[in-house]
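Chemist: File protein_1.txt below, compact mmCIF, C-alpha atoms and all ligand atoms:
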# COMPACT_ATOMS: atom_id res chain seq x y z
CA MET V 1 17.50 -51.00 -1.77
CA ALA V 2 19.09 -51.76 1.56
CA ASP V 3 18.41 -51.27 5.25
CA HIS V 4 21.12 -49.66 7.35
CA HIS V 5 21.02 -49.46 11.11
CA THR V 6 23.25 -47.30 13.25
CA ARG V 7 23.32 -45.98 16.78
CA VAL V 8 24.01 -42.46 15.51
CA LEU V 9 22.56 -41.36 12.19
CA ILE V 10 24.08 -38.10 10.97
CA ILE V 11 22.36 -36.30 8.12
CA GLY V 12 24.52 -33.72 6.37
CA SER V 13 28.15 -33.38 5.43
CA GLY V 14 29.30 -29.88 6.28
CA PRO V 15 31.59 -28.98 9.17
CA ALA V 16 28.82 -29.84 11.66
CA GLY V 17 28.13 -33.31 10.24
CA TYR V 18 31.78 -34.27 9.84
CA THR V 19 32.68 -33.08 13.33
CA ALA V 20 29.74 -34.98 14.79
CA GLY V 21 31.07 -38.03 12.90
CA ILE V 22 34.58 -37.60 14.29
CA TYR V 23 33.37 -37.37 17.89
CA ALA V 24 30.74 -40.10 17.63
CA ALA V 25 33.19 -42.49 15.95
CA ARG V 26 35.86 -41.84 18.56
CA ALA V 27 33.24 -42.54 21.24
CA GLY V 28 32.78 -46.00 19.71
CA LEU V 29 29.26 -45.29 18.48
CA ASP V 30 29.87 -46.46 14.89
CA PRO V 31 28.06 -43.48 13.32
CA LEU V 32 26.65 -43.49 9.83
CA LEU V 33 26.77 -40.19 7.97
CA VAL V 34 24.51 -39.68 4.98
CA ALA V 35 25.92 -36.98 2.71
CA GLY V 36 23.60 -35.29 0.27
CA MET V 37 24.26 -34.14 -3.28
CA GLN V 38 26.60 -31.30 -2.32
CA ALA V 39 28.93 -33.23 -0.01
CA GLY V 40 30.93 -30.74 2.02
CA GLY V 41 28.13 -28.19 2.11
CA GLN V 42 28.51 -24.44 1.68
CA MET V 43 32.28 -24.56 2.24
CA THR V 44 32.71 -26.30 -1.10
CA THR V 45 31.52 -23.13 -2.83
CA THR V 46 34.00 -20.95 -0.92
CA THR V 47 37.53 -20.21 -2.07
CA ASP V 48 40.01 -18.64 0.38
CA VAL V 49 39.44 -19.47 4.05
CA GLU V 50 41.46 -17.39 6.50
CA ASN V 51 39.34 -17.68 9.61
CA TYR V 52 39.31 -21.40 10.35
CA PRO V 53 41.70 -21.81 13.29
CA GLY V 54 44.73 -24.02 12.94
CA PHE V 55 45.94 -22.87 9.54
CA ALA V 56 48.43 -20.02 9.49
CA ASP V 57 48.31 -19.84 5.69
CA VAL V 58 45.22 -19.33 3.58
CA ILE V 59 43.45 -22.58 2.78
CA GLN V 60 40.68 -23.43 0.31
CA GLY V 61 37.15 -24.27 1.47
CA PRO V 62 36.79 -27.47 -0.62
CA TRP V 63 40.18 -28.71 0.62
CA LEU V 64 39.16 -28.13 4.24
CA MET V 65 36.03 -30.19 3.70
CA GLN V 66 38.00 -33.02 2.07
CA GLN V 67 40.25 -33.06 5.12
CA MET V 68 37.29 -33.17 7.51
CA GLU V 69 35.72 -35.98 5.50
CA ALA V 70 38.96 -37.97 5.46
CA GLN V 71 39.42 -37.41 9.19
CA ALA V 72 35.87 -38.57 9.94
CA LYS V 73 36.44 -41.71 7.82
CA HIS V 74 39.83 -42.45 9.38
CA VAL V 75 38.36 -42.57 12.86
CA GLY V 76 35.55 -44.85 11.74
CA THR V 77 32.56 -42.87 10.47
CA ARG V 78 30.70 -44.83 7.82
CA MET V 79 29.63 -42.60 4.95
CA LEU V 80 27.04 -43.04 2.26
CA GLN V 81 25.84 -40.68 -0.41
CA ASP V 82 22.09 -40.38 -0.65
CA THR V 83 19.49 -37.65 -0.40
CA ILE V 84 17.12 -38.21 2.48
CA VAL V 85 13.59 -37.68 1.19
CA SER V 86 11.59 -38.56 4.30
CA ILE V 87 12.11 -39.19 7.98
CA ASP V 88 9.90 -40.38 10.81
CA LEU V 89 10.84 -38.81 14.14
CA LYS V 90 7.80 -40.12 16.03
CA HIS V 91 9.36 -43.39 17.20
CA ARG V 92 12.81 -44.60 18.07
CA PRO V 93 14.75 -45.89 16.25
CA PHE V 94 14.09 -43.02 13.87
CA VAL V 95 13.81 -44.10 10.24
CA ALA V 96 14.88 -42.05 7.23
CA VAL V 97 14.46 -43.01 3.59
CA GLY V 98 16.83 -41.93 0.82
CA ASP V 99 15.99 -41.27 -2.82
CA THR V 100 17.90 -44.48 -3.65
CA GLY V 101 15.16 -46.30 -1.71
CA ASP V 102 17.61 -47.24 1.07
CA ARG V 103 16.30 -47.01 4.66
CA TYR V 104 18.42 -45.67 7.49
CA SER V 105 17.44 -46.24 11.08
CA GLY V 106 19.22 -44.54 13.96
CA ASP V 107 18.85 -44.80 17.73
CA VAL V 108 19.57 -41.09 17.67
CA VAL V 109 19.69 -38.60 14.81
CA ILE V 110 21.98 -35.62 14.37
CA ILE V 111 20.60 -33.18 11.84
CA ALA V 112 23.33 -31.16 10.14
CA THR V 113 21.64 -30.31 6.86
CA GLY V 114 22.85 -26.69 6.80
CA ALA V 115 21.43 -23.67 5.08
CA GLN V 116 21.75 -22.03 1.70
CA ALA V 117 22.37 -18.32 1.31
CA ARG V 118 19.66 -16.60 -0.72
CA TRP V 119 20.81 -14.79 -3.84
CA LEU V 120 19.04 -12.27 -6.03
CA GLY V 121 19.45 -14.37 -9.15
CA LEU V 122 21.00 -11.64 -11.31
CA PRO V 123 23.41 -12.81 -14.05
CA THR V 124 26.02 -10.23 -12.98
CA GLU V 125 25.70 -11.30 -9.34
CA GLU V 126 26.60 -14.84 -10.43
CA LYS V 127 29.39 -13.58 -12.70
CA PHE V 128 31.15 -11.70 -9.90
CA LYS V 129 30.58 -14.18 -7.06
CA GLY V 130 33.97 -14.62 -5.44
CA PHE V 131 35.31 -11.60 -7.35
CA GLY V 132 33.61 -8.85 -5.36
CA VAL V 133 30.17 -10.33 -4.74
CA SER V 134 29.95 -12.20 -1.44
CA GLY V 135 27.31 -13.75 0.80
CA CYS V 136 29.44 -13.56 3.95
CA ALA V 137 30.72 -10.27 5.40
CA THR V 138 32.48 -12.03 8.28
CA CYS V 139 34.43 -14.12 5.78
CA ASP V 140 35.28 -11.51 3.16
CA GLY V 141 35.02 -8.08 4.81
CA PHE V 142 38.73 -8.12 5.54
CA PHE V 143 39.50 -7.84 1.81
CA TYR V 144 37.84 -4.39 1.57
CA LYS V 145 40.09 -2.24 3.73
CA GLN V 146 39.59 1.43 2.82
CA ARG V 147 37.29 0.50 -0.06
CA GLU V 148 33.63 1.27 -0.65
CA VAL V 149 31.14 -1.56 -0.37
CA ALA V 150 27.39 -2.13 -0.64
CA VAL V 151 25.15 -4.40 1.41
CA ILE V 152 21.82 -5.59 0.03
CA GLY V 153 18.97 -6.32 2.47
CA GLY V 154 17.14 -4.87 5.45
CA GLY V 155 17.12 -7.62 8.09
CA ASN V 156 19.36 -8.24 11.08
CA THR V 157 22.01 -9.89 8.92
CA ALA V 158 22.22 -6.98 6.48
CA VAL V 159 22.46 -4.39 9.25
CA GLU V 160 24.96 -6.42 11.28
CA ASP V 161 27.01 -6.99 8.12
CA ALA V 162 26.93 -3.28 7.28
CA LEU V 163 28.09 -2.35 10.79
CA TYR V 164 30.77 -5.03 10.71
CA LEU V 165 32.02 -3.76 7.36
CA THR V 166 32.45 -0.22 8.70
CA GLY V 167 35.45 -1.68 10.53
CA PHE V 168 37.23 -2.08 7.19
CA ALA V 169 35.53 -0.15 4.42
CA SER V 170 35.76 3.59 3.85
CA LYS V 171 32.03 3.72 3.11
CA VAL V 172 29.14 1.25 3.37
CA THR V 173 25.97 1.77 1.34
CA LEU V 174 22.98 -0.30 2.44
CA ILE V 175 20.47 -0.89 -0.34
CA HIS V 176 16.98 -1.84 0.79
CA ARG V 177 13.89 -2.47 -1.31
CA ARG V 178 11.47 -0.75 1.11
CA ASP V 179 11.42 2.46 3.17
CA SER V 180 11.89 0.76 6.54
CA LEU V 181 14.18 -1.93 7.87
CA ARG V 182 13.16 -5.26 9.34
CA ALA V 183 16.22 -5.32 11.64
CA GLU V 184 15.94 -4.80 15.40
CA ASN V 185 15.65 -1.18 16.53
CA ILE V 186 18.93 -1.11 18.40
CA LEU V 187 20.77 -2.21 15.26
CA GLN V 188 18.92 0.35 13.17
CA GLN V 189 19.89 3.13 15.57
CA ARG V 190 23.54 2.12 15.38
CA LEU V 191 23.37 1.97 11.61
CA PHE V 192 21.75 5.38 11.18
CA ALA V 193 24.21 6.97 13.60
CA HIS V 194 27.27 5.60 11.83
CA PRO V 195 29.18 8.24 9.84
CA LYS V 196 30.41 5.73 7.23
CA VAL V 197 26.93 4.43 6.37
CA GLU V 198 24.49 5.62 3.74
CA VAL V 199 21.11 3.93 3.33
CA VAL V 200 19.52 3.91 -0.11
CA TRP V 201 15.79 3.26 0.37
CA ASP V 202 13.17 1.76 -1.93
CA SER V 203 15.81 0.46 -4.27
CA ALA V 204 16.68 -2.82 -5.92
CA LEU V 205 20.02 -3.96 -7.22
CA GLU V 206 19.75 -4.35 -10.97
CA GLU V 207 23.27 -5.00 -12.09
CA VAL V 208 26.75 -5.47 -10.70
CA LEU V 209 29.23 -3.49 -12.78
CA GLY V 210 32.82 -4.51 -13.24
CA THR V 211 35.68 -5.68 -15.38
CA THR V 212 36.19 -9.14 -16.82
CA SER V 213 39.97 -9.36 -16.94
CA PRO V 214 40.98 -9.23 -14.25
CA PRO V 215 37.52 -9.96 -12.85
CA GLY V 216 36.48 -7.34 -10.32
CA VAL V 217 33.58 -5.17 -9.21
CA SER V 218 33.65 -1.44 -9.87
CA GLY V 219 30.09 -0.49 -8.99
CA ILE V 220 26.41 -1.32 -8.90
CA ARG V 221 23.33 -0.05 -10.70
CA VAL V 222 20.25 0.24 -8.51
CA ARG V 223 16.74 1.35 -9.42
CA ASN V 224 14.39 3.30 -7.21
CA LEU V 225 11.24 1.19 -7.09
CA LYS V 226 9.00 4.21 -6.46
CA THR V 227 10.33 6.65 -9.06
CA GLY V 228 11.92 4.19 -11.51
CA ALA V 229 15.12 6.26 -11.47
CA PRO V 230 18.39 4.36 -11.93
CA ARG V 231 21.50 5.23 -9.94
CA ASP V 232 25.07 4.03 -10.29
CA ILE V 233 27.12 3.70 -7.12
CA SER V 234 30.85 3.15 -7.09
CA VAL V 235 31.80 0.13 -4.90
CA HIS V 236 34.40 -2.65 -4.92
CA GLY V 237 32.43 -5.17 -2.92
CA VAL V 238 28.78 -6.22 -2.82
CA PHE V 239 27.47 -8.22 0.14
CA VAL V 240 24.15 -9.90 -0.50
CA ALA V 241 22.40 -10.37 2.87
CA ILE V 242 18.82 -11.19 2.00
CA GLY V 243 18.53 -14.23 4.25
CA HIS V 244 19.25 -17.93 4.28
CA ASP V 245 17.10 -20.96 3.71
CA PRO V 246 17.83 -23.63 6.30
CA ALA V 247 17.27 -27.13 4.92
CA THR V 248 14.45 -28.08 7.29
CA GLN V 249 11.64 -29.09 4.93
CA LEU V 250 11.93 -32.74 5.99
CA PHE V 251 11.41 -31.93 9.65
CA ARG V 252 8.44 -29.57 9.47
CA GLY V 253 5.59 -30.71 11.67
CA GLN V 254 7.92 -33.04 13.58
CA LEU V 255 10.30 -30.62 15.31
CA ASP V 256 9.94 -27.09 16.64
CA ILE V 257 11.01 -24.77 13.86
CA ASP V 258 11.16 -20.97 14.18
CA PRO V 259 9.36 -18.59 11.79
CA SER V 260 12.54 -18.18 9.69
CA GLY V 261 12.76 -21.96 9.22
CA TYR V 262 15.58 -22.74 11.68
CA ILE V 263 15.33 -25.77 13.99
CA VAL V 264 14.88 -24.61 17.57
CA THR V 265 17.43 -26.04 19.99
CA LYS V 266 17.58 -25.64 23.76
CA PRO V 267 19.89 -22.74 24.68
CA GLY V 268 23.46 -23.94 25.14
CA SER V 269 22.59 -27.33 23.67
CA THR V 270 21.84 -29.10 20.39
CA LYS V 271 18.72 -30.81 21.79
CA THR V 272 15.64 -30.33 19.64
CA SER V 273 12.03 -30.67 20.74
CA VAL V 274 12.22 -34.46 20.19
CA PRO V 275 14.38 -36.43 22.65
CA GLY V 276 17.16 -38.22 20.80
CA VAL V 277 17.14 -35.77 17.89
CA PHE V 278 19.94 -33.21 17.86
CA ALA V 279 20.61 -30.36 15.44
CA ALA V 280 24.01 -28.83 14.71
CA GLY V 281 25.41 -26.17 12.41
CA ASP V 282 23.63 -23.62 10.27
CA VAL V 283 20.35 -25.55 10.29
CA GLN V 284 19.83 -24.28 13.87
CA ASP V 285 21.95 -21.12 13.82
CA PRO V 286 20.55 -17.90 12.36
CA VAL V 287 23.19 -15.81 14.09
CA PHE V 288 26.80 -16.98 13.64
CA ARG V 289 26.74 -19.32 10.62
CA GLN V 290 30.49 -19.94 10.60
CA ALA V 291 32.33 -23.17 9.79
CA VAL V 292 33.99 -23.10 13.19
CA THR V 293 30.73 -22.62 15.09
CA ALA V 294 29.12 -25.36 12.98
CA ALA V 295 32.01 -27.67 13.86
CA GLY V 296 31.62 -26.71 17.53
CA THR V 297 27.94 -27.57 17.60
CA GLY V 298 28.68 -30.81 15.68
CA CYS V 299 30.94 -31.78 18.57
CA MET V 300 28.25 -30.82 21.08
CA ALA V 301 25.65 -32.90 19.23
CA ALA V 302 27.84 -36.01 19.27
CA LEU V 303 28.57 -35.62 22.99
CA GLU V 304 24.91 -35.05 23.77
CA ALA V 305 23.98 -38.05 21.63
CA GLN V 306 26.49 -40.14 23.56
CA HIS V 307 24.98 -39.03 26.90
CA PHE V 308 21.48 -39.71 25.61
CA LEU V 309 22.40 -43.24 24.47
CA ALA V 310 24.15 -43.97 27.76
CA ALA V 311 21.16 -42.75 29.79
CA HIS V 312 18.79 -44.66 27.58
CA ALA V 313 20.85 -47.87 27.86
CA ASP V 314 20.78 -47.46 31.68
CA ALA V 315 17.02 -46.96 31.61
CA THR V 316 16.56 -50.05 29.43
CA ALA V 317 18.88 -52.10 31.65
CA GLY V 318 17.05 -50.89 34.76
CA LYS V 319 13.70 -51.80 33.27
CA ALA V 320 14.93 -55.27 32.26
CA ALA V 321 16.34 -55.87 35.76
CA ALA V 322 13.02 -54.90 37.36
CA GLU V 323 11.08 -57.30 35.15
P1 LIG V 401 15.55 -11.81 7.07
O1 LIG V 401 14.65 -12.74 6.34
O2 LIG V 401 15.20 -11.34 8.42
O3 LIG V 401 15.76 -10.49 6.19
C1 LIG V 401 16.01 -10.57 4.82
C2 LIG V 401 16.07 -9.16 4.27
O4 LIG V 401 16.38 -9.24 2.89
C3 LIG V 401 14.74 -8.41 4.41
O5 LIG V 401 14.97 -7.06 4.73
C4 LIG V 401 14.14 -8.54 3.01
O6 LIG V 401 13.39 -7.43 2.62
C5 LIG V 401 15.37 -8.60 2.14
N1 LIG V 401 15.12 -9.37 0.94
C6 LIG V 401 14.67 -10.65 0.85
N2 LIG V 401 14.57 -11.02 -0.44
C7 LIG V 401 14.98 -9.95 -1.18
C8 LIG V 401 15.10 -9.70 -2.56
N3 LIG V 401 14.81 -10.65 -3.47
N4 LIG V 401 15.54 -8.51 -2.95
C9 LIG V 401 15.87 -7.55 -2.03
N5 LIG V 401 15.77 -7.70 -0.73
C10 LIG V 401 15.33 -8.91 -0.29
O7 LIG V 401 16.98 -12.54 7.02
P2 LIG V 401 18.22 -12.34 7.99
O8 LIG V 401 19.31 -13.20 7.42
O9 LIG V 401 18.53 -10.91 8.17
O10 LIG V 401 17.74 -12.94 9.37
C11 LIG V 401 17.20 -14.27 9.45
C12 LIG V 401 16.81 -14.57 10.87
O11 LIG V 401 17.97 -14.60 11.68
C13 LIG V 401 15.92 -13.49 11.49
O12 LIG V 401 15.04 -14.10 12.38
C14 LIG V 401 16.90 -12.62 12.22
O13 LIG V 401 16.31 -11.91 13.29
C15 LIG V 401 17.89 -13.65 12.72
N6 LIG V 401 19.21 -13.06 12.94
C16 LIG V 401 19.54 -12.72 14.21
C17 LIG V 401 20.74 -12.14 14.47
C18 LIG V 401 21.03 -11.78 15.87
O14 LIG V 401 20.23 -12.07 16.75
N7 LIG V 401 22.14 -11.14 16.13
C19 LIG V 401 21.74 -11.86 13.42
C20 LIG V 401 21.27 -12.24 12.11
C21 LIG V 401 20.06 -12.82 11.89
P3 LIG V 401 11.96 -7.06 3.30
O15 LIG V 401 12.29 -6.50 4.64
O16 LIG V 401 11.38 -6.09 2.35
O17 LIG V 401 11.22 -8.36 3.35
Rewrite the structure of this file - the entire thing - as structure tokens.
Modeler:
Amino acid sequence: MADHHTRVLIIGSGPAGYTAGIYAARAGLDPLLVAGMQAGGQMTTTTDVENYPGFADVIQGPWLMQQMEAQAKHVGTRMLQDTIVSIDLKHRPFVAVGDTGDRYSGDVVIIATGAQARWLGLPTEEKFKGFGVSGCATCDGFFYKQREVAVIGGGNTAVEDALYLTGFASKVTLIHRRDSLRAENILQQRLFAHPKVEVVWDSALEEVLGTTSPPGVSGIRVRNLKTGAPRDISVHGVFVAIGHDPATQLFRGQLDIDPSGYIVTKPGSTKTSVPGVFAAGDVQDPVFRQAVTAAGTGCMAALEAQHFLAAHADATAGKAAAE
């Protein structure tokens, strides 16, 4: 068990955490980044990445994260692997404890713990992940030009994904387990008016159908939850959009968190409800959830942390001079 102190404690090792590390290190703040079990975050479970700027050729998600990690280390970010199990945000320096028993205190904290996409938990969903089953329409929609796809879910994400996919697919079938959508009215109106969209109500996805070699999706089997009737629908892509779980359990009761579990930040900023605590990436972003936006907010968090520390140092110096 050891005690570690740092000016900037970064929790989380996705694009947001690494970018915060790069900026904080280059600002001379000697940041310490604590990476959890899945270092690299959601990007390590992605394959082809075509939408991260700066790479003309397709790159791999895990490779991109290795590069970000190496870059953060090269400029001076200290990194440790531990899972933070508790944190006290009531007093500065803020103190976090890892499951190794190590204690980490930071003059400021940048939370970049990310979010996990929710999945249905079907064996065939798992089997075809990356081969026709996706959790990100923005990332993978491009691969379904003139093909038929299905979207599962009835919230804002599902409806936005379905509308986005109409830009590529020849037909988009939205499968929802109830007879009304949770999504905002304006989105619903756009969805219902779209000629490429069919909504299948009261239905649950039961099975993804496809071939093993080469692996690929050829359809889905859904069941009407009211009548019990099964229905097979021919599709090449299945987008599961049933929500995300932001990793905010540690911060409940200490920071403002919205009803969906996302940390609330001030508009245009990464400031949370506690001064000196900043949140970046998917943990505070229910809308965009992209690696590049996560990296952008990681940069913002580091710059805001730097300003906070500078202002705080001035205040401390002023107080000392007055005494
Ligand atoms: P939501 O939790 O809002 O919606 C999840 C949807 O998936 C619901 O329709 C739910 O059904 C369905 N669902 C959940 N579990 C299952 C399951 N096991 N089987 C089948 N269906 C399931 O998640 P979103 O990602 O859509 O949105 C999260 C938050 O982010 C919301 O606050 C949303 O408003 C916000 N958001 C805002 C955007 C914007 O402002 N542009 C864009 C995207 C998201 P049911 O309705 O029956 O519960």
Chemist: Might you pull out every residue within 10 Å of Ile257 of chain V, with all atoms listed in the file counted and same-chain residues fewer than 5 positions away left off, and present them as a ChimeraX atom specification?
Modeler: /V:248-249,251-252,262-265,272-273,284
Chemist: Keeping only C-alpha atoms, write the selected residues as a PDB file, in the coordinates of the input.
Modeler:
ATOM      1  CA  THR V 248      14.450 -28.080   7.290  1.00  0.00           C
ATOM      2  CA  GLN V 249      11.640 -29.090   4.930  1.00  0.00           C
ATOM      3  CA  PHE V 251      11.410 -31.930   9.650  1.00  0.00           C
ATOM      4  CA  ARG V 252       8.440 -29.570   9.470  1.00  0.00           C
ATOM      5  CA  TYR V 262      15.580 -22.740  11.680  1.00  0.00           C
ATOM      6  CA  ILE V 263      15.330 -25.770  13.990  1.00  0.00           C
ATOM      7  CA  VAL V 264      14.880 -24.610  17.570  1.00  0.00           C
ATOM      8  CA  THR V 265      17.430 -26.040  19.990  1.00  0.00           C
ATOM      9  CA  THR V 272      15.640 -30.330  19.640  1.00  0.00           C
ATOM     10  CA  SER V 273      12.030 -30.670  20.740  1.00  0.00           C
ATOM     11  CA  GLN V 284      19.830 -24.280  13.870  1.00  0.00           C
TER      12      GLN V 284
END
Chemist: Hey, which of V:Gly28, V:Pro286, V:Gly216, V:Gly135 ends up closest to ligand LIG 401 (chain V)? Count all atoms listed in the file.
Modeler: V:Pro286
Chemist: Throw together the list of residues within 7 Å of ligand LIG 401 (chain V), counting only C-alpha atoms and all ligand atoms, and drop it here as a list in words.
Modeler: Leu120, Ile152, Gly153, Gly154, Gly155, Asn156, Thr157, Ala158, Glu160, His176, Arg177, Arg178, Leu181, Arg182, Ala183, Ala204, Ala241, Ile242, Gly243, His244, Ser260, Pro286 and Val287 of chain V
Chemist: Any idea what the distance is between atom CA of Glu148 of chain V and atom CA of Thr173 of chain V?
Modeler: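 That distance, rounded to one decimal, is 7.9 Å.
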Chemist: For Ala302 of chain V, which residue out of V:Ala16, V:Ala150, V:Met43, V:Met1 is the nearest one, using all atoms listed in the file?
Modeler: V:Ala16
Chemist: Find the spatial neighbours of Arg26 of chain V, counting all atoms listed in the file, within a cut-off of 9 Å - ignore same-chain residues fewer than 6 positions away - and output them as an MDAnalysis selection string.
Modeler: chainID V and resid 75:77
Chemist: With C-alpha atoms retained, export the selected residues as a short mmCIF file (atom, residue, chain, number, x, y, z; two decimals), in the frame of the given file.
Modeler:
data_model
loop_
_atom_site.label_atom_id
_atom_site.label_comp_id
_atom_site.auth_asym_id
_atom_site.auth_seq_id
_atom_site.Cartn_x
_atom_site.Cartn_y
_atom_site.Cartn_z
CA VAL V 75 38.36 -42.57 12.86
CA GLY V 76 35.55 -44.85 11.74
CA THR V 77 32.56 -42.87 10.47
#
Chemist: For Leu303 of chain V, which of V:Gln188, V:Thr6, V:Thr47, V:Thr19 is the closest residue, counting only C-alpha atoms?
Modeler: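 Ranked by minimum distance to Leu303 of chain V, first place goes to V:Thr19.
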Chemist: With all atoms listed in the file as the atoms that count, which of V:His312, V:Arg103, V:Lys266, V:Arg223 lies nearest to His4 of chain V?
Modeler: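 Once distances to His4 of chain V are computed over all atoms listed in the file, the minimum belongs to V:Arg103.
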Chemist: If you count only C-alpha atoms, which residues fall within 12 Å of Thr100 of chain V, apart from same-chain ones fewer than 5 positions away, as a PyMOL selection string?
Modeler: chain V and resi 1-3+34+36+80-86
Chemist: Could the residues in this selection be written to a file with C-alpha atoms, as a compact mmCIF listing (two decimals), keeping the file's coordinate frame?
Modeler:
# COMPACT_ATOMS: atom_id res chain seq x y z
CA MET V 1 17.50 -51.00 -1.77
CA ALA V 2 19.09 -51.76 1.56
CA ASP V 3 18.41 -51.27 5.25
CA VAL V 34 24.51 -39.68 4.98
CA GLY V 36 23.60 -35.29 0.27
CA LEU V 80 27.04 -43.04 2.26
CA GLN V 81 25.84 -40.68 -0.41
CA ASP V 82 22.09 -40.38 -0.65
CA THR V 83 19.49 -37.65 -0.40
CA ILE V 84 17.12 -38.21 2.48
CA VAL V 85 13.59 -37.68 1.19
CA SER V 86 11.59 -38.56 4.30
Chemist: Select, from V:Val133, V:Asp282, V:Ser213, V:Asp102, the residue with the minimum atom-to-atom distance to Ala294 of chain V, counting only C-alpha atoms.
Modeler: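 The answer is V:Asp282, which sits nearest to Ala294 of chain V.
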Chemist: With only C-alpha atoms as the counted atoms, please give the residues lying no more than 12 Å from Gly121 of chain V, apart from itself and same-chain residues fewer than 6 positions off, as a list in words.
Modeler: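 The residues that qualify are Lys127, Lys129, Leu205, Glu206, Glu207, Val208, Val240 and Ile242 of chain V.
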Chemist: Keeping only C-alpha atoms, take the residues you just selected and write them out as a PDB file, in the frame of the given file.
Modeler:
ATOM      1  CA  LYS V 127      29.390 -13.580 -12.700  1.00  0.00           C
ATOM      2  CA  LYS V 129      30.580 -14.180  -7.060  1.00  0.00           C
ATOM      3  CA  LEU V 205      20.020  -3.960  -7.220  1.00  0.00           C
ATOM      4  CA  GLU V 206      19.750  -4.350 -10.970  1.00  0.00           C
ATOM      5  CA  GLU V 207      23.270  -5.000 -12.090  1.00  0.00           C
ATOM      6  CA  VAL V 208      26.750  -5.470 -10.700  1.00  0.00           C
ATOM      7  CA  VAL V 240      24.150  -9.900  -0.500  1.00  0.00           C
ATOM      8  CA  ILE V 242      18.820 -11.190   2.000  1.00  0.00           C
TER       9      ILE V 242
END
Chemist: What does the structure give for the distance between atom CA of Asp99 of chain V and atom CA of Gly14 of chain V, in Å to one decimal?
Modeler: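 Computing it gives 19.7 Å between the two atoms.
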Chemist: So that I can see what lies close to Ile233 of chain V, please list as a VMD selection string the residues with an atom at most 8 Å from it, counting all atoms listed in the file and leaving out residues fewer than 5 positions away in the same chain.
Modeler: chain V and resid 219 to 222
Chemist: Can you spit out the residues from that selection as a PDB file, in the frame of the given file, using C-alpha atoms?
Modeler:
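The resulting out_17.pdb:
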ATOM      1  CA  GLY V 219      30.090  -0.490  -8.990  1.00  0.00           C
ATOM      2  CA  ILE V 220      26.410  -1.320  -8.900  1.00  0.00           C
ATOM      3  CA  ARG V 221      23.330  -0.050 -10.700  1.00  0.00           C
ATOM      4  CA  VAL V 222      20.250   0.240  -8.510  1.00  0.00           C
TER       5      VAL V 222
END
Chemist: Considering all atoms listed in the file, can you say which of V:Arg118, V:Arg7, V:Arg147, V:Lys73 comes closest to Pro93 of chain V?
Modeler: V:Arg7
